[in-house]
Structure formats: C-alpha cells, structure tokens
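Engineer: TSV, C-alpha atoms and all ligand atoms, file coords11.tsv:
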```
chain	number	residue	atom	x	y	z
A	1	MET	CA	0.00	0.00	0.00
A	2	SER	CA	1.32	3.40	-0.93
A	3	PHE	CA	1.97	5.84	1.86
A	4	LEU	CA	-0.85	8.06	0.62
A	5	LYS	CA	-3.32	5.18	0.47
A	6	LYS	CA	-2.27	4.04	3.94
A	7	LEU	CA	-2.85	7.54	5.23
A	8	MET	CA	-6.30	7.66	3.63
A	9	VAL	CA	-7.32	4.31	5.08
A	10	THR	CA	-6.11	5.37	8.52
A	11	ALA	CA	-7.98	8.65	8.21
A	12	ALA	CA	-11.19	6.89	7.19
A	13	PHE	CA	-10.74	4.44	10.04
A	14	SER	CA	-10.27	7.24	12.59
A	15	ALA	CA	-13.24	9.14	11.19
A	16	ALA	CA	-15.40	6.04	11.67
A	17	MET	CA	-14.03	5.66	15.18
A	18	PHE	CA	-14.80	9.29	15.86
A	19	VAL	CA	-18.37	8.94	14.62
A	20	ASN	CA	-18.84	5.83	16.76
A	21	ALA	CA	-17.35	7.49	19.79
A	22	ALA	CA	-19.53	10.56	19.30
A	23	TYR	CA	-22.59	8.35	18.96
A	24	ALA	CA	-21.69	6.35	22.05
A	25	GLU	CA	-21.31	9.58	23.97
A	26	ASN	CA	-24.73	10.98	23.11
A	27	VAL	CA	-26.29	12.47	26.23
A	28	LYS	CA	-29.26	10.31	27.23
A	29	ILE	CA	-31.96	12.55	28.68
A	30	ALA	CA	-35.14	11.06	30.10
A	31	LEU	CA	-38.14	13.36	29.92
A	32	VAL	CA	-40.31	11.88	32.66
A	33	VAL	CA	-43.91	13.07	32.68
A	34	LYS	CA	-46.71	12.82	35.25
A	35	SER	CA	-48.55	10.34	33.04
A	36	LEU	CA	-48.46	9.21	29.43
A	37	GLY	CA	-51.37	9.95	27.11
A	38	ASN	CA	-51.63	13.59	28.18
A	39	GLY	CA	-51.54	15.98	25.19
A	40	PHE	CA	-49.78	18.65	27.23
A	41	PHE	CA	-46.80	16.36	27.78
A	42	ASP	CA	-46.83	15.17	24.17
A	43	ALA	CA	-46.46	18.83	23.17
A	44	ALA	CA	-43.59	19.23	25.64
A	45	ASN	CA	-41.96	16.19	24.07
A	46	LYS	CA	-42.10	17.91	20.68
A	47	GLY	CA	-40.02	20.70	22.19
A	48	ALA	CA	-37.69	18.15	23.77
A	49	GLU	CA	-37.06	16.56	20.37
A	50	GLU	CA	-36.48	20.00	18.88
A	51	ALA	CA	-33.85	20.79	21.52
A	52	ALA	CA	-32.21	17.39	20.95
A	53	LYS	CA	-31.94	18.09	17.24
A	54	GLU	CA	-30.49	21.53	17.85
A	55	LEU	CA	-27.98	20.32	20.44
A	56	GLY	CA	-26.95	17.45	18.18
A	57	ASP	CA	-25.67	15.05	20.84
A	58	VAL	CA	-28.86	14.13	22.70
A	59	ASP	CA	-31.13	11.08	22.78
A	60	ILE	CA	-34.52	11.68	24.38
A	61	ILE	CA	-36.27	8.95	26.31
A	62	TYR	CA	-39.89	10.10	26.69
A	63	THR	CA	-41.42	8.14	29.54
A	64	GLY	CA	-43.77	8.15	32.51
A	65	PRO	CA	-46.35	6.04	34.30
A	66	THR	CA	-49.87	5.40	33.04
A	67	LYS	CA	-51.36	6.90	36.21
A	68	ALA	CA	-50.31	10.28	37.62
A	69	THR	CA	-49.14	9.02	41.02
A	70	ALA	CA	-45.79	8.85	42.79
A	71	GLU	CA	-45.31	5.06	43.13
A	72	PRO	CA	-45.17	4.16	39.42
A	73	GLN	CA	-43.08	7.26	38.79
A	74	ILE	CA	-40.53	5.96	41.33
A	75	GLU	CA	-40.41	2.69	39.38
A	76	VAL	CA	-39.73	4.66	36.20
A	77	ILE	CA	-36.88	6.52	37.95
A	78	ASN	CA	-35.34	3.28	39.22
A	79	SER	CA	-35.42	1.77	35.76
A	80	LEU	CA	-33.76	4.89	34.30
A	81	ILE	CA	-31.01	4.59	36.94
A	82	ALA	CA	-30.49	0.96	35.87
A	83	GLN	CA	-30.33	2.09	32.21
A	84	LYS	CA	-27.61	4.58	33.22
A	85	VAL	CA	-29.20	7.61	31.61
A	86	ASP	CA	-27.20	10.84	31.87
A	87	ALA	CA	-30.07	13.08	32.94
A	88	ILE	CA	-33.60	12.92	34.27
A	89	ALA	CA	-35.95	15.87	33.67
A	90	ILE	CA	-39.11	15.16	35.60
A	91	SER	CA	-42.59	16.64	36.08
A	92	ALA	CA	-43.32	15.30	39.56
A	93	ASN	CA	-46.45	13.65	40.88
A	94	ASP	CA	-45.29	14.37	44.44
A	95	ALA	CA	-42.67	16.84	45.70
A	96	ASP	CA	-41.35	14.63	48.51
A	97	ALA	CA	-42.09	10.98	47.68
A	98	LEU	CA	-39.72	11.01	44.70
A	99	VAL	CA	-36.78	12.50	46.62
A	100	PRO	CA	-35.08	9.24	47.77
A	101	ALA	CA	-35.14	7.74	44.25
A	102	LEU	CA	-33.91	10.98	42.67
A	103	LYS	CA	-31.18	11.34	45.31
A	104	LYS	CA	-30.03	7.85	44.40
A	105	ALA	CA	-29.92	8.95	40.75
A	106	MET	CA	-27.81	12.00	41.64
A	107	ASP	CA	-25.48	9.84	43.79
A	108	ARG	CA	-24.83	7.78	40.66
A	109	GLY	CA	-23.85	10.91	38.74
A	110	ILE	CA	-27.14	11.41	36.94
A	111	THR	CA	-28.20	15.04	36.43
A	112	VAL	CA	-31.68	15.61	37.85
A	113	ILE	CA	-33.94	18.57	37.18
A	114	SER	CA	-37.67	19.04	37.62
A	115	TRP	CA	-39.87	21.05	35.31
A	116	ASP	CA	-43.60	21.85	35.22
A	117	SER	CA	-44.32	20.15	38.57
A	118	GLY	CA	-41.46	20.43	41.02
A	119	VAL	CA	-39.48	18.14	43.29
A	120	ALA	CA	-38.30	19.36	46.72
A	121	PRO	CA	-34.88	21.09	46.42
A	122	GLU	CA	-32.95	18.16	47.95
A	123	GLY	CA	-34.20	15.87	45.15
A	124	ARG	CA	-33.09	17.89	42.14
A	125	GLN	CA	-30.45	20.34	40.91
A	126	LEU	CA	-32.92	22.90	39.60
A	127	HIS	CA	-36.60	23.38	38.93
A	128	LEU	CA	-38.08	25.11	35.90
A	129	ASN	CA	-41.52	26.67	36.39
A	130	PRO	CA	-43.51	27.45	33.25
A	131	SER	CA	-44.39	30.84	34.69
A	132	ASP	CA	-44.47	32.72	37.99
A	133	THR	CA	-46.56	30.72	40.52
A	134	ASN	CA	-48.38	33.76	41.99
A	135	LEU	CA	-49.18	35.03	38.53
A	136	ILE	CA	-50.71	31.67	37.53
A	137	GLY	CA	-52.72	31.58	40.76
A	138	GLU	CA	-54.14	35.04	40.13
A	139	THR	CA	-54.72	34.32	36.43
A	140	ILE	CA	-56.94	31.28	37.01
A	141	ILE	CA	-59.22	33.26	39.34
A	142	LYS	CA	-59.26	36.29	37.06
A	143	LEU	CA	-60.29	34.09	34.14
A	144	ALA	CA	-63.47	33.24	36.07
A	145	ALA	CA	-63.99	36.67	37.67
A	146	ASP	CA	-63.75	38.56	34.36
A	147	TYR	CA	-66.98	36.91	33.22
A	148	LEU	CA	-68.76	37.15	36.59
A	149	PRO	CA	-69.29	40.88	37.21
A	150	GLU	CA	-71.85	40.10	39.93
A	151	GLY	CA	-69.59	37.51	41.55
A	152	GLY	CA	-70.79	34.08	42.66
A	153	ASP	CA	-69.82	30.53	43.55
A	154	VAL	CA	-66.89	28.90	41.80
A	155	ALA	CA	-65.11	25.57	42.35
A	156	ILE	CA	-61.70	24.24	41.44
A	157	LEU	CA	-61.24	20.90	39.68
A	158	SER	CA	-57.55	20.12	40.05
A	159	ALA	CA	-55.21	17.32	38.94
A	160	SER	CA	-53.95	14.97	41.71
A	161	SER	CA	-53.98	16.07	45.33
A	162	THR	CA	-50.18	15.68	45.50
A	163	ALA	CA	-49.32	17.57	42.27
A	164	THR	CA	-46.77	20.21	43.25
A	165	ASN	CA	-47.67	22.65	40.52
A	166	GLN	CA	-51.46	22.67	40.90
A	167	ASN	CA	-51.19	22.81	44.70
A	168	ALA	CA	-48.90	25.84	44.51
A	169	TRP	CA	-51.20	27.60	42.03
A	170	ILE	CA	-54.29	26.90	44.16
A	171	GLU	CA	-52.54	28.20	47.27
A	172	ALA	CA	-51.57	31.36	45.39
A	173	ALA	CA	-55.14	31.70	44.07
A	174	LYS	CA	-56.60	31.44	47.57
A	175	LYS	CA	-54.21	34.13	48.78
A	176	VAL	CA	-55.41	36.76	46.28
A	177	LEU	CA	-59.10	35.90	46.50
A	178	PRO	CA	-60.26	37.95	49.50
A	179	GLU	CA	-58.51	41.15	48.53
A	180	LYS	CA	-58.62	41.18	44.75
A	181	PHE	CA	-61.78	39.16	44.04
A	182	PRO	CA	-64.09	39.71	47.05
A	183	LYS	CA	-67.23	38.74	45.11
A	184	ILE	CA	-65.84	35.36	44.07
A	185	ASN	CA	-66.78	32.60	46.48
A	186	LEU	CA	-64.64	29.46	46.22
A	187	VAL	CA	-66.91	26.67	47.47
A	188	ALA	CA	-64.80	23.55	46.86
A	189	THR	CA	-61.60	22.07	45.48
A	190	VAL	CA	-61.78	18.54	44.08
A	191	TYR	CA	-59.22	16.29	42.37
A	192	GLY	CA	-59.59	14.51	39.03
A	193	ASP	CA	-56.04	13.07	39.05
A	194	ASP	CA	-55.39	14.12	35.43
A	195	ASP	CA	-57.60	11.19	34.51
A	196	SER	CA	-60.50	11.88	32.14
A	197	ALA	CA	-62.98	9.51	33.80
A	198	LYS	CA	-62.22	10.67	37.35
A	199	SER	CA	-62.27	14.34	36.27
A	200	THR	CA	-65.65	13.79	34.60
A	201	ASP	CA	-67.07	12.25	37.79
A	202	GLU	CA	-65.68	15.05	39.92
A	203	ALA	CA	-67.13	17.72	37.60
A	204	LYS	CA	-70.54	16.02	37.76
A	205	GLY	CA	-70.25	15.86	41.54
A	206	LEU	CA	-69.57	19.61	41.74
A	207	LEU	CA	-72.60	20.48	39.62
A	208	LYS	CA	-74.80	18.25	41.78
A	209	SER	CA	-73.49	19.53	45.13
A	210	TYR	CA	-73.46	23.21	44.15
A	211	PRO	CA	-76.51	24.05	42.02
A	212	ASN	CA	-75.58	27.74	42.08
A	213	LEU	CA	-72.13	27.16	40.69
A	214	LYS	CA	-71.18	29.84	38.15
A	215	ALA	CA	-67.75	28.61	37.11
A	216	ILE	CA	-65.50	25.57	37.27
A	217	ILE	CA	-61.82	26.47	37.29
A	218	ALA	CA	-59.63	23.55	36.20
A	219	PRO	CA	-55.89	24.36	36.30
A	220	THR	CA	-55.15	21.16	34.40
A	221	THR	CA	-55.44	20.51	30.67
A	222	VAL	CA	-57.06	17.13	31.37
A	223	GLY	CA	-59.58	18.37	33.93
A	224	VAL	CA	-60.63	21.42	31.94
A	225	VAL	CA	-61.64	19.31	28.92
A	226	ALA	CA	-63.59	16.88	31.11
A	227	ALA	CA	-65.43	19.72	32.89
A	228	ALA	CA	-66.31	21.49	29.63
A	229	GLN	CA	-67.64	18.23	28.19
A	230	VAL	CA	-69.85	17.69	31.26
A	231	VAL	CA	-71.20	21.24	31.09
A	232	THR	CA	-71.92	20.72	27.39
A	233	ASP	CA	-73.60	17.34	27.92
A	234	GLN	CA	-75.75	18.62	30.78
A	235	GLY	CA	-77.03	21.60	28.76
A	236	LEU	CA	-75.40	24.07	31.15
A	237	ILE	CA	-73.67	26.26	28.55
A	238	GLY	CA	-74.26	29.89	29.51
A	239	LYS	CA	-74.98	28.93	33.13
A	240	VAL	CA	-71.61	27.47	34.16
A	241	ASN	CA	-68.45	28.85	32.61
A	242	VAL	CA	-65.53	26.41	32.46
A	243	THR	CA	-62.09	27.94	32.62
A	244	GLY	CA	-58.53	27.26	33.73
A	245	LEU	CA	-55.45	26.01	31.90
A	246	ALA	CA	-56.11	24.39	28.55
A	247	LEU	CA	-54.27	23.22	25.49
A	248	PRO	CA	-55.83	25.16	22.58
A	249	SER	CA	-55.77	22.14	20.25
A	250	GLU	CA	-57.84	20.10	22.73
A	251	PHE	CA	-60.06	22.93	23.96
A	252	LYS	CA	-61.01	24.94	20.87
A	253	LYS	CA	-64.38	23.21	20.54
A	254	PHE	CA	-65.43	24.42	24.00
A	255	ILE	CA	-64.63	28.03	23.19
A	256	ASP	CA	-66.53	27.54	19.94
A	257	ASN	CA	-69.62	26.06	21.64
A	258	GLY	CA	-69.61	28.59	24.49
A	259	ALA	CA	-68.93	26.16	27.37
A	260	SER	CA	-65.93	28.40	28.05
A	261	GLN	CA	-65.31	32.10	27.56
A	262	ALA	CA	-61.54	31.96	27.90
A	263	VAL	CA	-58.65	29.87	29.21
A	264	ALA	CA	-54.90	30.37	29.52
A	265	LEU	CA	-51.64	28.46	29.18
A	266	TRP	CA	-47.98	28.89	28.33
A	267	ASN	CA	-46.18	27.27	25.41
A	268	PRO	CA	-45.67	23.58	26.34
A	269	ILE	CA	-43.29	23.08	23.40
A	270	ASP	CA	-40.99	25.81	24.75
A	271	LEU	CA	-41.21	24.23	28.21
A	272	GLY	CA	-40.07	20.79	27.00
A	273	TYR	CA	-37.39	22.40	24.84
A	274	SER	CA	-36.07	24.39	27.81
A	275	ALA	CA	-36.10	21.42	30.19
A	276	VAL	CA	-33.97	19.37	27.82
A	277	TYR	CA	-31.64	22.27	27.10
A	278	LEU	CA	-31.00	22.83	30.82
A	279	ALA	CA	-30.64	19.12	31.60
A	280	HIS	CA	-28.13	18.80	28.76
A	281	ASP	CA	-26.01	21.78	29.77
A	282	LEU	CA	-25.84	20.59	33.39
A	283	ALA	CA	-25.04	17.01	32.32
A	284	VAL	CA	-22.14	18.07	30.08
A	285	LYS	CA	-20.99	20.56	32.75
A	286	LYS	CA	-21.45	23.55	30.48
A	287	GLU	CA	-23.58	25.20	33.17
A	288	GLU	CA	-23.81	24.87	36.94
A	289	ALA	CA	-27.05	25.16	38.93
A	290	LYS	CA	-26.53	27.62	41.78
A	291	PRO	CA	-28.55	30.48	43.23
A	292	GLY	CA	-28.26	33.61	41.11
A	293	ALA	CA	-26.91	31.79	38.06
A	294	THR	CA	-28.25	32.90	34.68
A	295	LEU	CA	-28.57	29.95	32.32
A	296	SER	CA	-28.99	30.08	28.55
A	297	ILE	CA	-31.76	28.06	26.94
A	298	GLY	CA	-31.17	28.31	23.21
A	299	ARG	CA	-33.88	30.07	21.21
A	300	VAL	CA	-35.99	30.59	24.37
A	301	GLY	CA	-33.48	32.97	25.93
A	302	LYS	CA	-32.24	32.91	29.52
A	303	VAL	CA	-33.50	32.12	33.02
A	304	THR	CA	-32.08	33.12	36.38
A	305	LEU	CA	-32.17	30.76	39.36
A	306	ASP	CA	-33.57	32.01	42.67
A	307	ASP	CA	-32.28	30.94	46.10
A	308	THR	CA	-34.02	27.55	45.79
A	309	ASN	CA	-32.50	27.01	42.34
A	310	SER	CA	-35.89	27.56	40.72
A	311	ALA	CA	-36.59	29.66	37.67
A	312	ALA	CA	-39.75	30.77	35.88
A	313	MET	CA	-40.45	31.26	32.21
A	314	ALA	CA	-42.96	33.55	30.49
A	315	PRO	CA	-46.38	34.81	31.69
A	316	PRO	CA	-49.43	32.69	30.81
A	317	PHE	CA	-51.23	33.59	27.62
A	318	LYS	CA	-55.01	33.99	27.31
A	319	PHE	CA	-57.03	32.16	24.66
A	320	ASP	CA	-60.56	33.15	23.67
A	321	LYS	CA	-62.69	33.36	20.52
A	322	SER	CA	-60.30	35.88	19.00
A	323	ASN	CA	-57.19	33.70	18.92
A	324	ILE	CA	-57.81	30.06	19.88
A	325	GLU	CA	-58.11	28.93	16.27
A	326	GLU	CA	-54.61	30.18	15.49
A	327	PHE	CA	-53.03	28.60	18.59
A	328	SER	CA	-54.93	25.33	18.21
A	329	LYS	CA	-52.77	24.63	15.17
A	330	ILE	CA	-49.56	24.95	17.18
A	331	TYR	CA	-50.23	23.12	20.48
A	401	LIG	C1	-51.85	19.00	32.99
A	401	LIG	C2	-50.75	18.60	33.94
A	401	LIG	C3	-49.58	19.55	33.88
A	401	LIG	C4	-50.03	20.99	33.95
A	401	LIG	C5	-51.04	21.28	32.86
A	401	LIG	C6	-51.52	22.71	32.91
A	401	LIG	O1	-51.52	18.62	31.69
A	401	LIG	O2	-51.29	18.55	35.23
A	401	LIG	O3	-48.71	19.26	34.94
A	401	LIG	O4	-48.96	21.87	33.85
A	401	LIG	O5	-52.14	20.40	33.03
```
Will you turn the file into structure tokens for me?
Ligand code: RAM

Structural biologist:
Amino acid sequence: MSFLKKLMVTAAFSAAMFVNAAYAENVKIALVVKSLGNGFFDAANKGAEEAAKELGDVDIIYTGPTKATAEPQIEVINSLIAQKVDAIAISANDADALVPALKKAMDRGITVISWDSGVAPEGRQLHLNPSDTNLIGETIIKLAADYLPEGGDVAILSASSTATNQNAWIEAAKKVLPEKFPKINLVATVYGDDDSAKSTDEAKGLLKSYPNLKAIIAPTTVGVVAAAQVVTDQGLIGKVNVTGLALPSEFKKFIDNGASQAVALWNPIDLGYSAVYLAHDLAVKKEEAKPGATLSIGRVGKVTLDDTNSAAMAPPFKFDKSNIEEFSKIY
C-alpha cells in the first residue's frame, strides 16, 4: 500500500471511530412526565425533540407512568437509573415521595432537574416553572372573575392532590381571592387526578353539590376538557363557565360552543425544549445550577435561578374566541 493510500485508510478508520465514539457519547436525557397519554406532555416532548436536534448530541427517552401518582413514577426513575441515563428531567407527581429515588440517581452521577411540577430542592439540581406561581394563581381566578361581574360561587377541579404545581397555584389563588376578588366565592376544590374519567365524575359531583355554581376552574389541561364536556352534555352552557389552563388544540371546541369564555396556558413546546436544554447543559458541565446563576436556553433565551435554584419562564397567555383557532394549530 502506498503511503498516501495508507494515510487515507487510517484517516477513514479514525473518522469512523470518531463517529462511533460521538454516537456512544450521546447524552441520554429522560423526559419523565406525570402520566403518558396527556396531550400537554406530548407537546412538551415535541419541544424536547427539537432541543435534541439543535444540540446534536442528545437522545430523548420520553417516559412516565400510566397513572399520575408517585409510586409508578418511582419505578420509572429506578429503571432509568439501571439504564444509566445521563439526565432525568421530571414533572413530579409528588414533591417529597420522589426524593429518595432521585437522590439515588444524583449519587450515581445522573443530572436531575424538575420542570412543570417540582421536586423538593434536595431531590433535584434545579426546577423550571412554566411561569411565575403567583401570577398563575391570580390568572386562574381572574379568568373566572372577568366573566362574573356580579360575583358568585366557583369551584376548582384540580389534577392529583399531591401535584406540586397545581397545589402551589391553588394556594396562590386562595391568597389573592379575599382582597382582589371579594365577590368570588370558592366553594370547593376537588381532584380529578389528570384522569378523564375521574375528572368527569368530579365535575358532575360539583354540579350536583353546588346548584348555584357559576364557574368551574380547572388548572389542568385534562380536567378542563372533562369539565367542559360535562357542562356541554348537561345543557349548562351559559350557566356554568368552564375555565382554567387548557391546550388550545384540545379545547377549541369548547370556546366555539360557548362552554368556556376563555382559558390560559404557556407554550408547552418551549417548556419541554427548555427542560432538555437545561438538563443537557448541566449534564455536560457547560452550566452549573446555583442560586443567582443565569442559564442560557437556546432560542428561548435565559433564566435566572432564585435561592431555591428555581426559575420561571414567560407569563401565561389567554385564549378566547379571538385567537384560539390560530393557537390550536400549534399546540
Ligand atoms: C396537565 C398537567 C400539567 C399541567 C397542565 C396545565 O396537563 O397537570 O402538569 O402543567 O395540566
């Protein structure tokens, strides 16, 4: 073999080695959701895949339990530890119950962040909120109050009773009620567990127990659809306004038929994108999670961590007759 040929063969061989090595070193990021089959999380996964493509060295494992509870989520975490993933980005079904399993993951060198629904600080390196918690709390009440000038009874249909995010929003909502919305009377909070059937039953139960109910506020994309369907089926359009946090693609028909005047949400695609971006940059040690740190998240911009290593993204966005059509095509 001529010297030149030898050189070319060696070069090709090393290039192949390099490609293999690069492939073997792809950062494995598990996007763990509260439960599978939820359109909100499927939209977040779209963003996760987008970030993976942009970063170029990421494999996404999109996973979660079938029910939105802590126990099966712990099993998912343990299996990801066994698979030796590089990072876990989780939307938690319980702030505390997941901590031991996530601590074990961190002890093994796995990067752990929470997003959407948080884990207690000792169980993760950072938490990414979709938006400011107090702002979301106030928004969900305002969405009902804006269409109730005379005030009246409202009830909350939440996700699971241990969901960190919904519980924080409801607490924030209750705080602003007396001062900012004195005519709004919150009569009950019930839990549909982000399960369509349970949410439907709970919505029916509210309508039965509170015949004067003027609005159902569901700060969950699963619950809000179930409640609007019940109001539609029971011929209560115009009497009970359903509102809360909804995915435009799933909810458009209830704005169209009048079961709801307006809902709100943030961009779930951006949220999934950002979670993966942050998990990646911590895993490859490009960024460090510490109070006060400002972290870059690609096309989404930057976030700054507070003293609990939490950050918040953009304000929620309101959807009504004027714009839901447009957004329903995006998420
Ligand atoms: C449901 C989930 C999720 C929440 C949205 C608004 O899909 O409970 O955690 O952020 O609603």

Engineer: With distances taken over all atoms listed in the file, which of A:Asp107, A:Asp146, A:Glu250, A:Asp193 is nearest to Phe327 in chain A?

Structural biologist: A:Glu250

Engineer: Write out as JSON, numbers by chain the residues lying within 6 Å of Val58 in chain A, counting only C-alpha atoms and excluding same-chain residues fewer than 6 positions away.

Structural biologist: {"A": [26, 27, 28, 52]}

Engineer: Specify the axis-aligned box that encloses all atoms of ligand LIG 401 (chain A) listed in the file after padding of 8 Å on each side, stating its centre and edge lengths in Å to one decimal as JSON.

Structural biologist:
```
{"center_x": -50.4, "center_y": 20.6, "center_z": 33.5, "size_x": 19.4, "size_y": 20.2, "size_z": 19.5}
```

Engineer: In Å, with one decimal, what is the gap from CA of Leu135 in chain A to CA of Asn38 in chain A?

Structural biologist: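 Distance between the two atoms: 23.9 Å.
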
Engineer: Show me which residues line ligand LIG 401 (chain A), defined as having an atom within 9 Å of a ligand atom where all atoms listed in the file count, and present them as an MDAnalysis selection string.

Structural biologist: chainID A and resid 33:35 38:41 68 91:93 116:117 130 158:160 163:166 193:194 218:224 244:247 265:266 268

Engineer: Measuring atom to atom with only C-alpha atoms, identify which of A:Leu305, A:Ile29, A:Met313, A:Ala51 is nearest to Glu288 in chain A.

Structural biologist: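 Comparing A:Leu305, A:Ile29, A:Met313, A:Ala51 against Glu288 in chain A, the winner is A:Leu305.
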
Engineer: Using all atoms listed in the file, which residues sit within 7 Å of range 225-240 of chain A once same-chain residues fewer than 6 positions away are excluded, as number ranges by chain?

Structural biologist: A: 196, 199-200, 203-204, 213-215, 251, 254, 258-259

Engineer: Point out the residue among A:Ala89, A:Ala311, A:Ala105, A:Ala48 with the least atom-to-atom distance to Gly64 in chain A, counting all atoms listed in the file.

Structural biologist: A:Ala89

Engineer: Choose the residue, out of A:Leu126, A:Leu206, A:Ile330, A:Ile113, that has the smallest atom-to-atom separation from Ala293 in chain A; count all atoms listed in the file.

Structural biologist: A:Leu126

Engineer: For Asp270 in chain A, find every residue with an atom within 8 Å (counting all atoms listed in the file), except residues of its own chain fewer than 2 positions away, and show them as a ChimeraX atom specification.

Structural biologist: /A:44,47,267-268,272-274,300

Engineer: Rounded to one decimal place, report the CA of Ser310 in chain A-CA of Ile141 in chain A distance in Å.

Structural biologist: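 Between these atoms lies a distance of 24.1 Å.
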
Engineer: Quick one, how far is CA of Val32 in chain A from CA of Tyr62 in chain A?

Structural biologist: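 That distance, rounded to one decimal, is 6.2 Å.
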
Engineer: Residues near Ile110 in chain A, anyone? I mean within 9 Å using all atoms listed in the file, not counting same-chain ones fewer than 2 positions away, as a list in words.

Structural biologist: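 Answer for this query is Ile81, Lys84, Val85, Asp86, Ala87, Ile88, Leu102, Lys104, Ala105, Met106, Asp107, Arg108, Val112 and Ala283 of chain A.
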
Engineer: Please determine, counting only C-alpha atoms, which residue among A:Ser260, A:Ser249, A:Thr294, A:Ser79 has the shortest atom-to-atom distance to Ala43 in chain A.

Structural biologist: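 Counting only C-alpha atoms, the residue closest to Ala43 in chain A is A:Ser249.
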
Engineer: Applying 12 Å and only C-alpha atoms, which residues near Lys183 in chain A remain after dropping the ones on its own chain fewer than 5 positions away? List them as a CSV table (one decimal) with C-alpha atoms, keeping the file's coordinate frame.

Structural biologist:
```csv
chain,number,residue,atom,x,y,z
A,141,ILE,CA,-59.2,33.3,39.3
A,142,LYS,CA,-59.3,36.3,37.1
A,144,ALA,CA,-63.5,33.2,36.1
A,145,ALA,CA,-64.0,36.7,37.7
A,146,ASP,CA,-63.8,38.6,34.4
A,148,LEU,CA,-68.8,37.2,36.6
A,149,PRO,CA,-69.3,40.9,37.2
A,150,GLU,CA,-71.8,40.1,39.9
A,151,GLY,CA,-69.6,37.5,41.6
A,152,GLY,CA,-70.8,34.1,42.7
A,153,ASP,CA,-69.8,30.5,43.6
A,154,VAL,CA,-66.9,28.9,41.8
A,177,LEU,CA,-59.1,35.9,46.5
A,178,PRO,CA,-60.3,38.0,49.5
A,214,LYS,CA,-71.2,29.8,38.2
```

Engineer: For a quick check of understanding, using only C-alpha atoms, which of A:Phe181, A:Phe317, A:Tyr147, A:Trp169 has the smallest distance to Thr133 in chain A?

Structural biologist: A:Trp169
